[in-house]
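**Student:** Could you have a look at this structure, given as structure tokens, before my questions?
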Amino acid sequence: GKTVGVLALQGGVSEHAELLCSLGADVVLVKKASHLEGSDALVLPGGESSTIDRLTRILGLRDALIDAISGGLPTLGTCAGLIMLSREITDPAPGQQSLGLLNVTVDRNAFGSQVASAETVLDWKSPSSKSHPVKAAFIRAPRIVSAGEGVDVTARYNGEIVGARQGNLLGISFHPELCGETAVHEELLGLMK
Ligand code: GLN
């Protein structure tokens with residue numbers, strides 16, 4: 001079987017783990033650097049990106065994440081996980097850093113408060129350039145303000161970029177795992193060697 005790590009420091013970890021199990025993957029909850037060693041792919045879940053960032057540094061995971069992901073580990077970042085992957089954050093919390101791997105700029109709280117959250121269906125551009133619908137929940141969601149060199153836009157919501165693909169990286173503003181939507185995770189599994 002194939003093993004997928006789910007970064008398990010804070011946030012919506014269990015929903016990703018359950019979805020990946022339902023797709024036949026073995027799941028490892030990544031809480032320290034050594035947990036990355038057996039992973040064939042990685043999910044960075046939603047939550048609070050400034051907290052997840054701080055914990056990666058306290059627990060000595062930051063450099064291991066950067067090494068593994070920049071070394072080609074297929075990685076999906078959702079919501080706070082997208083913020084973690086991004087090259088630049090327009091409105092970081094004090095001292096907040098991102099991993100700087102996905103060539104996008106994100107606005108952390110672009111879609112408003114928890115109350116302003118929404119569930120919808122988006123048009124998702126697959127690697128073959130064909131589109132298919134994906135169910136998506138937005139919860140205090142970030143927006144991709146700009147996508148740079150090498151980045152494919154995979155989804156938009158009200159005209160704003162909410163999905164991006166760059167080589168082994170997928171970054172999305174929304175939560176498919178809260179809607180029973182498996183397509184984006186299946187795409188991640190398809191990137192594994
Ligand atoms: N806005 C949150 C942040 O800054 C992300 C919200 C989410 O992951 N649901 O991390």
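Each chain of the structure tokens is named A, B, ... in the order shown, its residues numbered from 1; ligands are numbered from 1 in display order.
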Neighbours of ligand 1 at 6 Å or closer, counting only C-alpha atoms and all ligand atoms: which residues, as a ChimeraX atom specification?
**Tutor:** /A:46-49,79-80,108-109,139-142
**Student:** Would you save the residues of that selection, restricted to C-alpha atoms, as a PDB file, in the first residue's frame?
**Tutor:**
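Resulting contents of result.pdb:
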ATOM      1  CA  GLY A  46      -6.745  23.393   7.516  1.00  0.00           C
ATOM      2  CA  GLY A  47      -6.736  25.016  10.900  1.00  0.00           C
ATOM      3  CA  GLU A  48      -4.935  28.144  12.000  1.00  0.00           C
ATOM      4  CA  SER A  49      -1.864  28.669   9.849  1.00  0.00           C
ATOM      5  CA  CYS A  79      -6.811  26.262   3.564  1.00  0.00           C
ATOM      6  CA  ALA A  80      -4.251  26.858   6.352  1.00  0.00           C
ATOM      7  CA  ARG A 108      -5.241  34.698   4.716  1.00  0.00           C
ATOM      8  CA  ASN A 109      -8.721  35.839   5.615  1.00  0.00           C
ATOM      9  CA  ILE A 139     -14.251  28.285   6.184  1.00  0.00           C
ATOM     10  CA  ARG A 140     -12.439  31.587   6.868  1.00  0.00           C
ATOM     11  CA  ALA A 141     -10.807  30.752   3.579  1.00  0.00           C
ATOM     12  CA  PRO A 142      -7.699  32.317   2.073  1.00  0.00           C
TER      13      PRO A 142
END
**Student:** Write out as a list of chain:residue names each polymer residue whose atoms come within 7 Å of A:Leu29, counting only C-alpha atoms; drop sequence neighbours fewer than 2 positions from it.
**Tutor:**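 These residues fall inside the cut-off: A:Gly5, A:Val6, A:Leu7, A:Ala8, A:Val27, A:Lys31.
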**Student:** As a ChimeraX atom specification, list the residues of stretch 49-149 of chain A assigned to strand (DSSP E or B) by DSSP on the backbone atoms of this structure.
**Tutor:** /A:75-78,86-89,102-107,118-125,131-138,143-147
**Student:** Taking 4 positions as the minimum chain separation for residues in the same chain, which residues sit within 12 Å of A:Ala64 when counting only C-alpha atoms? Answer as a PDB file with C-alpha atoms, in the first residue's frame.
**Tutor:**
ATOM      1  CA  VAL A  30       3.031  13.455  11.189  1.00  0.00           C
ATOM      2  CA  LYS A  31       4.016  14.993  14.521  1.00  0.00           C
ATOM      3  CA  LYS A  32       7.800  14.932  14.172  1.00  0.00           C
ATOM      4  CA  ALA A  33      10.376  14.859  11.406  1.00  0.00           C
ATOM      5  CA  SER A  34      10.960  11.096  11.482  1.00  0.00           C
ATOM      6  CA  HIS A  35       7.273  10.502  10.659  1.00  0.00           C
ATOM      7  CA  LEU A  36       7.894  11.972   7.196  1.00  0.00           C
ATOM      8  CA  GLU A  37      10.413   9.286   6.255  1.00  0.00           C
ATOM      9  CA  THR A  56       6.455  23.257  13.037  1.00  0.00           C
ATOM     10  CA  ARG A  57       9.304  25.433  14.291  1.00  0.00           C
ATOM     11  CA  LEU A  59       8.914  20.757  17.075  1.00  0.00           C
ATOM     12  CA  GLY A  60      11.818  20.952  14.606  1.00  0.00           C
ATOM     13  CA  ALA A  68      10.810  16.610   1.793  1.00  0.00           C
ATOM     14  CA  ILE A  69       8.388  18.766  -0.202  1.00  0.00           C
ATOM     15  CA  SER A  70      11.032  20.546  -2.252  1.00  0.00           C
ATOM     16  CA  GLY A  71      12.524  17.087  -2.896  1.00  0.00           C
ATOM     17  CA  LEU A  73       7.006  14.646  -2.108  1.00  0.00           C
ATOM     18  CA  LEU A  99       7.296  27.297   3.801  1.00  0.00           C
TER      19      LEU A  99
END
**Student:** Please provide the set of residues having any atom within 12 Å of A:Thr78, restricted to only C-alpha atoms, with same-chain residues fewer than 4 positions apart removed, written as a VMD selection string.
**Tutor:** chain A and resid 6 to 7 11 to 13 15 to 16 42 to 49 82 to 86 136 to 143 162 to 164 169 to 178 184 to 185
**Student:** Contacts of A:Leu189 at 10 Å or less, counting only C-alpha atoms, minus same-chain residues fewer than 4 places along, as a VMD selection string?
**Tutor:** chain A and resid 2 to 4 20 23 to 25 40 to 42 74 to 76 183 to 185 193
**Student:** Taking the chain letters and numbering used in this document, name the residues of stretch 80-183 of chain A that DSSP puts in helix (DSSP H, G or I), as number ranges by chain.
**Tutor:** A: 80-85, 114-116, 176-178, 183
**Student:** Export C-alpha atoms of the chosen residues as a PDB file, in the first residue's frame?
**Tutor:**
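result_26.pdb, written as the output of this step:
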ATOM      1  CA  ALA A  80      -4.251  26.858   6.352  1.00  0.00           C
ATOM      2  CA  GLY A  81      -2.162  24.198   4.566  1.00  0.00           C
ATOM      3  CA  LEU A  82      -2.283  26.307   1.384  1.00  0.00           C
ATOM      4  CA  ILE A  83      -1.100  29.283   3.440  1.00  0.00           C
ATOM      5  CA  MET A  84       1.759  27.138   4.805  1.00  0.00           C
ATOM      6  CA  LEU A  85       2.834  26.133   1.272  1.00  0.00           C
ATOM      7  CA  GLN A 114     -16.390  31.696  10.121  1.00  0.00           C
ATOM      8  CA  VAL A 115     -19.997  32.898   9.799  1.00  0.00           C
ATOM      9  CA  ALA A 116     -19.414  33.963   6.188  1.00  0.00           C
ATOM     10  CA  PRO A 176     -13.236  18.925   0.022  1.00  0.00           C
ATOM     11  CA  GLU A 177     -12.847  16.569   3.014  1.00  0.00           C
ATOM     12  CA  LEU A 178     -15.861  18.159   4.735  1.00  0.00           C
ATOM     13  CA  ALA A 183     -11.337  13.994  -6.403  1.00  0.00           C
TER      14      ALA A 183
END
**Student:** When you look at A:Gln166 with a cut-off of 7 Å (counting only C-alpha atoms), what residues show up, excluding the ones that are within fewer than 5 positions of it in the same chain? I need them as a list in words.
**Tutor:**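 Final neighbour list, sorted by chain and number: Leu102, Gly150, Val151 and Asp152 of chain A.
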**Student:** Kindly save the residues from that selection, with N, CA and C atoms included, as a short mmCIF file (atom, residue, chain, number, x, y, z; two decimals), in the first residue's frame.
**Tutor:**
data_model
loop_
_atom_site.label_atom_id
_atom_site.label_comp_id
_atom_site.auth_asym_id
_atom_site.auth_seq_id
_atom_site.Cartn_x
_atom_site.Cartn_y
_atom_site.Cartn_z
N LEU A 102 5.16 26.95 -2.82
CA LEU A 102 4.18 27.12 -3.90
C LEU A 102 4.21 28.58 -4.31
N GLY A 150 5.00 28.97 -13.37
CA GLY A 150 4.94 27.53 -13.09
C GLY A 150 3.68 27.05 -12.42
N VAL A 151 2.77 27.97 -12.10
CA VAL A 151 1.56 27.59 -11.37
C VAL A 151 0.36 27.54 -12.33
N ASP A 152 -0.38 26.43 -12.28
CA ASP A 152 -1.65 26.32 -13.01
C ASP A 152 -2.80 26.65 -12.06
#
**Student:** Give me, please, the distance in Å between atom CA of A:Glu187 and atom CA of A:Ser128, quoted to one decimal.
**Tutor:**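 About the pair atom CA of A:Glu187 and atom CA of A:Ser128: they are 11.4 Å apart.
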**Student:** Which residue out of A:Glu181, A:Ala110, A:Arg54, A:Asp67 has the minimum interatomic distance to A:Ile161 when only C-alpha atoms are used?
**Tutor:**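 Answer, going by the shortest atom-to-atom distance: A:Ala110.
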